[in-house]
file protein35.txt (compact mmCIF, C-alpha atoms)
# COMPACT_ATOMS: atom_id res chain seq x y z
CA MET A 121 -60.88 123.57 -24.64
CA LYS A 122 -62.20 122.96 -28.14
CA ARG A 123 -61.28 119.86 -30.14
CA TYR A 124 -61.67 119.74 -33.93
CA THR A 125 -61.63 116.42 -35.77
CA SER A 126 -61.67 115.93 -39.51
CA ARG A 127 -64.80 115.14 -41.48
CA THR A 128 -63.27 111.81 -42.49
CA THR A 129 -63.42 110.58 -38.89
CA LYS A 130 -67.21 110.32 -39.00
CA VAL A 131 -67.20 108.44 -42.31
CA LEU A 132 -64.58 105.98 -41.05
CA SER A 133 -66.50 105.37 -37.82
CA ILE A 134 -69.62 104.51 -39.83
CA ALA A 135 -67.56 102.15 -42.02
CA VAL A 136 -66.20 100.41 -38.89
CA LEU A 137 -69.73 99.99 -37.53
CA ILE A 138 -70.96 98.55 -40.84
CA CYS A 139 -68.06 96.07 -40.88
CA GLY A 140 -68.89 95.09 -37.30
CA ALA A 141 -72.50 94.48 -38.35
CA VAL A 142 -71.33 92.33 -41.28
CA VAL A 143 -69.19 90.21 -38.92
CA LEU A 144 -72.15 89.89 -36.54
CA ILE A 145 -74.41 88.78 -39.42
CA GLY A 146 -71.80 86.22 -40.43
CA ILE A 147 -71.66 84.83 -36.88
CA ILE A 148 -75.46 84.66 -36.69
CA LEU A 149 -75.60 82.87 -40.05
CA ALA A 150 -72.92 80.41 -38.87
CA PHE A 151 -74.92 79.50 -35.76
CA ALA A 152 -78.22 79.43 -37.68
CA GLY A 153 -76.94 76.52 -39.75
CA VAL A 154 -77.24 77.97 -43.24
CA GLU A 155 -76.86 75.36 -45.98
CA ASN A 156 -74.22 77.38 -47.82
CA VAL A 157 -71.21 77.12 -45.46
CA TRP A 158 -69.16 79.69 -47.38
CA LEU A 159 -71.66 82.50 -46.89
CA PRO A 160 -71.03 83.07 -43.15
CA ILE A 161 -67.29 82.51 -43.66
CA CYS A 162 -67.20 85.19 -46.37
CA PHE A 163 -69.20 87.60 -44.22
CA ILE A 164 -66.89 87.11 -41.25
CA LEU A 165 -63.68 87.36 -43.29
CA LEU A 166 -64.78 90.31 -45.40
CA GLY A 167 -66.21 92.25 -42.45
CA GLY A 168 -63.26 91.39 -40.24
CA LEU A 169 -60.53 92.31 -42.70
CA LEU A 170 -62.15 95.53 -43.86
CA GLY A 171 -63.06 96.35 -40.26
CA VAL A 172 -59.43 96.11 -39.18
CA ILE A 173 -58.33 98.35 -42.05
CA PHE A 174 -61.06 100.94 -41.40
CA LEU A 175 -60.41 100.83 -37.64
CA ALA A 176 -56.70 101.53 -38.17
CA CYS A 177 -57.55 104.44 -40.49
CA PHE A 178 -60.13 105.73 -38.00
CA LEU A 179 -57.66 105.68 -35.10
CA ALA A 180 -54.98 107.39 -37.19
CA GLU A 181 -57.40 110.09 -38.33
CA LYS A 182 -58.81 110.59 -34.84
CA SER A 183 -55.33 111.25 -33.48
CA ARG A 184 -54.97 114.16 -35.95
CA ALA A 185 -57.29 116.42 -33.99
CA LEU A 186 -56.55 120.12 -33.63
CA ILE A 187 -57.00 121.33 -30.05
CA ILE A 188 -57.44 124.96 -29.02
CA ASP A 189 -57.05 125.48 -25.28
CA THR A 190 -57.21 128.72 -23.33
CA ASP A 191 -53.43 129.19 -23.45
CA LYS A 192 -52.17 126.95 -26.27
CA ILE A 193 -52.94 125.45 -29.67
CA ILE A 194 -51.99 121.86 -30.47
CA PHE A 195 -51.60 121.33 -34.22
CA PRO A 196 -51.77 117.75 -35.53
CA ARG A 197 -48.90 115.81 -37.08
CA GLY A 198 -47.84 117.03 -40.49
CA ALA A 199 -47.51 120.73 -39.77
CA GLU A 200 -44.56 122.49 -41.37
CA LYS A 201 -42.24 124.25 -38.98
CA ASN A 202 -39.88 126.64 -40.79
CA GLY A 203 -40.47 124.74 -44.04
CA LYS A 204 -39.80 121.24 -42.61
CA THR A 205 -42.61 118.78 -41.98
CA VAL A 206 -42.92 117.79 -38.33
CA PHE A 207 -44.18 114.25 -37.66
CA GLN A 208 -45.32 114.99 -34.14
CA LYS A 209 -47.90 117.31 -32.66
CA THR A 210 -46.86 120.95 -32.60
CA VAL A 211 -47.76 122.91 -29.47
CA VAL A 212 -47.87 126.71 -29.73
CA ARG A 213 -48.65 129.02 -26.84
CA ILE A 214 -51.22 131.61 -27.86
CA CYS A 215 -49.22 134.42 -26.28
CA ASP A 216 -46.33 133.57 -28.68
CA LEU A 217 -48.43 134.15 -31.83
CA ASP A 218 -47.55 137.26 -33.81
CA SER A 219 -49.56 137.03 -37.05
CA VAL A 220 -51.54 134.75 -39.36
CA GLU A 221 -51.18 134.70 -43.15
CA SER A 222 -53.23 132.71 -45.64
CA LYS A 223 -52.25 131.56 -49.09
CA LEU A 224 -54.61 129.95 -51.61
CA ARG A 225 -53.22 126.93 -53.38
CA LYS A 226 -55.08 125.82 -56.46
CA GLY A 227 -55.96 122.17 -56.75
CA ASP A 228 -56.27 120.13 -59.90
CA LYS A 229 -60.01 119.55 -59.25
CA ILE A 230 -59.51 115.80 -59.81
CA ILE A 231 -57.56 114.67 -56.77
CA SER A 232 -57.33 117.88 -54.79
CA ASP A 233 -59.49 120.97 -54.45
CA ASP A 234 -58.47 124.56 -53.82
CA CYS A 235 -57.50 125.13 -50.20
CA PHE A 236 -55.85 127.68 -48.00
CA PHE A 237 -52.52 127.11 -46.29
CA TYR A 238 -52.21 129.16 -43.12
CA THR A 239 -48.85 130.36 -41.86
CA PHE A 240 -48.70 131.26 -38.19
CA ARG A 241 -45.75 133.50 -37.38
CA LEU A 242 -44.43 133.42 -33.83
CA LYS A 243 -42.73 136.27 -32.02
CA ASP A 244 -39.39 134.41 -32.11
CA GLY A 245 -39.47 134.27 -35.96
CA THR A 246 -40.65 130.66 -36.26
CA SER A 247 -43.32 129.97 -38.88
CA ILE A 248 -45.80 127.09 -38.72
CA THR A 249 -47.79 126.25 -41.84
CA VAL A 250 -50.92 124.09 -41.72
CA THR A 251 -54.02 123.48 -43.77
CA LEU A 252 -57.41 123.37 -42.09
CA TYR A 253 -59.29 121.99 -45.10
CA ALA A 254 -59.94 118.58 -43.50
CA TYR A 255 -62.02 120.07 -40.68
CA GLY A 256 -64.66 121.60 -42.97
CA LYS A 257 -65.39 125.17 -44.00
CA GLU A 258 -67.39 126.03 -40.87
CA ALA A 259 -64.72 124.69 -38.51
CA GLU A 260 -61.98 126.36 -40.58
CA LYS A 261 -63.65 129.76 -40.13
CA GLU A 262 -64.25 129.14 -36.43
CA ILE A 263 -60.63 128.08 -35.86
CA LEU A 264 -59.28 131.15 -37.64
CA GLU A 265 -61.63 133.52 -35.81
CA THR A 266 -60.66 132.01 -32.46
CA ILE A 267 -56.94 132.27 -33.19
CA LYS A 268 -57.10 135.76 -34.70
CA SER A 269 -59.14 137.08 -31.78
CA SER A 270 -56.57 135.78 -29.30
CA ILE A 271 -53.57 137.42 -31.01
CA VAL A 272 -52.56 140.46 -29.02
call {"tool": "encode", "arguments": {"input": "protein35.txt", "output": "structure tokens"}}
result
Amino acid sequence: MKRYTSRTTKVLSIAVLICGAVVLIGIILAFAGVENVWLPICFILLGGLLGVIFLACFLAEKSRALIIDTDKIIFPRGAEKNGKTVFQKTVVRICDLDSVESKLRKGDKIISDDCFFYTFRLKDGTSITVTLYAYGKEAEKEILETIKSSIV
């Protein structure tokens, strides 16, 4: 079983750790008896509030992992099934895959970059469209090679 998480997960985990360190510094300053009372309070509040926000984003992003098992693929929330967005994980058995198509969608280069949307066609006529951009170029190639090699 191979699990792919987005590149953002690592950045968010580092942000959560930094916020935890800021809270810890605030607690140490509070017990050290610093003359400026507001300094430890600001550290604790700022680190705590941002830490909660980053932790929520981290947990949400971590749950969007793509999992390739020996007999199935679990796509994260947000995949399109027959043109409708599905807000739950989509499980596809590898033996049901018929073909894979890719389509380049141009980005505006300000907010979004160019990325490929992949449409997986199943033997029963269902189509599932996902983008693998969030996992990185190396992981995107590896995912596609793994899936294409398993299509019979």
call {"tool": "closest_atom_pairs", "arguments": {"input": "protein35.txt", "of": "segment 143-229 of chain A", "to": "segment 129-135 of chain A", "cutoff": "9 Å", "atoms": "only C-alpha atoms", "output": "JSON lines"}}
result
{"residue": "A:Leu170", "atom": "CA", "partner": "A:Ala135", "partner_atom": "CA", "distance": 8.7}
{"residue": "A:Gly171", "atom": "CA", "partner": "A:Ala135", "partner_atom": "CA", "distance": 7.5}
{"residue": "A:Phe174", "atom": "CA", "partner": "A:Leu132", "partner_atom": "CA", "distance": 6.2}
{"residue": "A:Leu175", "atom": "CA", "partner": "A:Leu132", "partner_atom": "CA", "distance": 7.5}
{"residue": "A:Cys177", "atom": "CA", "partner": "A:Leu132", "partner_atom": "CA", "distance": 7.2}
{"residue": "A:Phe178", "atom": "CA", "partner": "A:Leu132", "partner_atom": "CA", "distance": 5.4}
{"residue": "A:Leu179", "atom": "CA", "partner": "A:Thr129", "partner_atom": "CA", "distance": 8.5}
{"residue": "A:Glu181", "atom": "CA", "partner": "A:Thr129", "partner_atom": "CA", "distance": 6.1}
{"residue": "A:Lys182", "atom": "CA", "partner": "A:Thr129", "partner_atom": "CA", "distance": 6.1}
call {"tool": "atom_distance", "arguments": {"input": "protein35.txt", "atom1": "atom CA of Thr190 of chain A", "atom2": "atom CA of Gly256 of chain A"}}
result
22.2 Å
call {"tool": "residues_near_point", "arguments": {"input": "protein35.txt", "point": "(-52.2, 133.9, -44.6)", "cutoff": "9 Å", "atoms": "all atoms listed in the file", "output": "list in words"}}
result
Ser219, Val220, Glu221, Ser222, Lys223, Leu224, Phe236, Phe237, Tyr238, Thr239 and Phe240 of chain A
call {"tool": "closest_residue", "arguments": {"input": "protein35.txt", "among": "A:Cys139, A:Ile164, A:Leu169, A:Val212", "to": "Asp189 of chain A", "atoms": "only C-alpha atoms"}}
result
A:Val212
call {"tool": "atom_distance", "arguments": {"input": "protein35.txt", "atom1": "atom CA of Lys261 of chain A", "atom2": "atom CA of Cys235 of chain A"}}
result
12.7 Å
call {"tool": "atom_distance", "arguments": {"input": "protein35.txt", "atom1": "atom CA of Ser247 of chain A", "atom2": "atom CA of Met121 of chain A"}}
result
23.5 Å
call {"tool": "residues_around", "arguments": {"input": "protein35.txt", "residues": "Phe163 of chain A", "least_positions_apart": "2", "cutoff": "6 Å", "atoms": "only C-alpha atoms", "output": "mmCIF file with C-alpha atoms, in the coordinates of the input"}}
result
data_model
loop_
_atom_site.group_PDB
_atom_site.id
_atom_site.type_symbol
_atom_site.label_atom_id
_atom_site.label_comp_id
_atom_site.auth_asym_id
_atom_site.auth_seq_id
_atom_site.Cartn_x
_atom_site.Cartn_y
_atom_site.Cartn_z
ATOM 1 C CA VAL A 142 -71.330 92.330 -41.280
ATOM 2 C CA VAL A 143 -69.190 90.210 -38.920
ATOM 3 C CA GLY A 146 -71.800 86.220 -40.430
ATOM 4 C CA PRO A 160 -71.030 83.070 -43.150
ATOM 5 C CA ILE A 161 -67.290 82.510 -43.660
ATOM 6 C CA LEU A 165 -63.680 87.360 -43.290
ATOM 7 C CA LEU A 166 -64.780 90.310 -45.400
ATOM 8 C CA GLY A 167 -66.210 92.250 -42.450
#
call {"tool": "closest_residue", "arguments": {"input": "protein35.txt", "among": "A:Ala141, A:Ile187, A:Ile248, A:Ile148", "to": "Ala199 of chain A", "atoms": "only C-alpha atoms"}}
result
A:Ile248
call {"tool": "closest_residue", "arguments": {"input": "protein35.txt", "among": "A:Thr125, A:Ser270, A:Thr251, A:Ser232", "to": "Ala185 of chain A", "atoms": "all atoms listed in the file"}}
result
A:Thr125
call {"tool": "axis_aligned_box", "arguments": {"input": "protein35.txt", "around": "segment 213-221 of chain A", "padding_each_side": "3 Å", "output": "AutoDock Vina command-line options"}}
result
--center_x -48.9 --center_y 133.1 --center_z -34.7 --size_x 11.2 --size_y 14.2 --size_z 22.9
call {"tool": "closest_residue", "arguments": {"input": "protein35.txt", "among": "A:Val250, A:Asp244, A:Gly168, A:Thr128", "to": "Ile145 of chain A", "atoms": "all atoms listed in the file"}}
result
A:Gly168
call {"tool": "closest_residue", "arguments": {"input": "protein35.txt", "among": "A:Lys268, A:Lys243, A:Arg127, A:Lys122", "to": "Leu217 of chain A", "atoms": "only C-alpha atoms"}}
result
A:Lys243
call {"tool": "closest_residue", "arguments": {"input": "protein35.txt", "among": "A:Ile267, A:Ala152, A:Leu144, A:Ala259", "to": "Ile194 of chain A", "atoms": "all atoms listed in the file"}}
result
A:Ile267
call {"tool": "build_atoms", "arguments": {"input": "protein35.txt", "residues": "segment 147-161 of chain A", "atoms": "N, CA, C and O atoms", "output": "PDB file, in the coordinates of the input"}}
result
ATOM      1  N   ILE A 147     -71.631  85.713 -38.056  1.00  0.00           N
ATOM      2  CA  ILE A 147     -71.660  84.830 -36.880  1.00  0.00           C
ATOM      3  C   ILE A 147     -73.064  84.278 -36.669  1.00  0.00           C
ATOM      4  O   ILE A 147     -73.241  83.079 -36.384  1.00  0.00           O
ATOM      5  N   ILE A 148     -74.073  85.121 -36.843  1.00  0.00           N
ATOM      6  CA  ILE A 148     -75.460  84.660 -36.690  1.00  0.00           C
ATOM      7  C   ILE A 148     -75.789  83.609 -37.749  1.00  0.00           C
ATOM      8  O   ILE A 148     -76.422  82.585 -37.446  1.00  0.00           O
ATOM      9  N   LEU A 149     -75.351  83.860 -38.986  1.00  0.00           N
ATOM     10  CA  LEU A 149     -75.600  82.870 -40.050  1.00  0.00           C
ATOM     11  C   LEU A 149     -74.866  81.562 -39.770  1.00  0.00           C
ATOM     12  O   LEU A 149     -75.389  80.473 -40.074  1.00  0.00           O
ATOM     13  N   ALA A 150     -73.677  81.627 -39.186  1.00  0.00           N
ATOM     14  CA  ALA A 150     -72.920  80.410 -38.870  1.00  0.00           C
ATOM     15  C   ALA A 150     -73.653  79.580 -37.822  1.00  0.00           C
ATOM     16  O   ALA A 150     -73.721  78.337 -37.930  1.00  0.00           O
ATOM     17  N   PHE A 151     -74.200  80.232 -36.799  1.00  0.00           N
ATOM     18  CA  PHE A 151     -74.920  79.500 -35.760  1.00  0.00           C
ATOM     19  C   PHE A 151     -76.325  79.100 -36.178  1.00  0.00           C
ATOM     20  O   PHE A 151     -76.913  78.201 -35.592  1.00  0.00           O
ATOM     21  N   ALA A 152     -76.877  79.764 -37.200  1.00  0.00           N
ATOM     22  CA  ALA A 152     -78.220  79.430 -37.680  1.00  0.00           C
ATOM     23  C   ALA A 152     -78.211  78.171 -38.539  1.00  0.00           C
ATOM     24  O   ALA A 152     -79.256  77.604 -38.809  1.00  0.00           O
ATOM     25  N   GLY A 153     -77.040  77.743 -38.960  1.00  0.00           N
ATOM     26  CA  GLY A 153     -76.940  76.520 -39.750  1.00  0.00           C
ATOM     27  C   GLY A 153     -77.387  76.689 -41.180  1.00  0.00           C
ATOM     28  O   GLY A 153     -78.155  75.875 -41.698  1.00  0.00           O
ATOM     29  N   VAL A 154     -76.921  77.717 -41.840  1.00  0.00           N
ATOM     30  CA  VAL A 154     -77.240  77.970 -43.240  1.00  0.00           C
ATOM     31  C   VAL A 154     -76.624  76.843 -44.085  1.00  0.00           C
ATOM     32  O   VAL A 154     -75.528  76.360 -43.794  1.00  0.00           O
ATOM     33  N   GLU A 155     -77.344  76.446 -45.132  1.00  0.00           N
ATOM     34  CA  GLU A 155     -76.860  75.360 -45.980  1.00  0.00           C
ATOM     35  C   GLU A 155     -75.546  75.712 -46.679  1.00  0.00           C
ATOM     36  O   GLU A 155     -74.658  74.878 -46.799  1.00  0.00           O
ATOM     37  N   ASN A 156     -75.432  76.936 -47.151  1.00  0.00           N
ATOM     38  CA  ASN A 156     -74.220  77.380 -47.820  1.00  0.00           C
ATOM     39  C   ASN A 156     -73.196  77.778 -46.743  1.00  0.00           C
ATOM     40  O   ASN A 156     -73.285  78.839 -46.133  1.00  0.00           O
ATOM     41  N   VAL A 157     -72.198  76.925 -46.522  1.00  0.00           N
ATOM     42  CA  VAL A 157     -71.210  77.120 -45.460  1.00  0.00           C
ATOM     43  C   VAL A 157     -70.313  78.328 -45.755  1.00  0.00           C
ATOM     44  O   VAL A 157     -69.853  79.002 -44.838  1.00  0.00           O
ATOM     45  N   TRP A 158     -70.082  78.605 -47.012  1.00  0.00           N
ATOM     46  CA  TRP A 158     -69.160  79.690 -47.380  1.00  0.00           C
ATOM     47  C   TRP A 158     -69.735  81.075 -47.136  1.00  0.00           C
ATOM     48  O   TRP A 158     -68.988  82.039 -46.991  1.00  0.00           O
ATOM     49  N   LEU A 159     -71.046  81.191 -47.092  1.00  0.00           N
ATOM     50  CA  LEU A 159     -71.660  82.500 -46.890  1.00  0.00           C
ATOM     51  C   LEU A 159     -71.267  83.131 -45.547  1.00  0.00           C
ATOM     52  O   LEU A 159     -70.764  84.262 -45.526  1.00  0.00           O
ATOM     53  N   PRO A 160     -71.448  82.441 -44.414  1.00  0.00           N
ATOM     54  CA  PRO A 160     -71.030  83.070 -43.150  1.00  0.00           C
ATOM     55  C   PRO A 160     -69.505  83.283 -43.071  1.00  0.00           C
ATOM     56  O   PRO A 160     -69.038  84.278 -42.508  1.00  0.00           O
ATOM     57  N   ILE A 161     -68.748  82.371 -43.667  1.00  0.00           N
ATOM     58  CA  ILE A 161     -67.290  82.510 -43.660  1.00  0.00           C
ATOM     59  C   ILE A 161     -66.886  83.770 -44.427  1.00  0.00           C
ATOM     60  O   ILE A 161     -66.041  84.546 -43.973  1.00  0.00           O
TER      61      ILE A 161
END
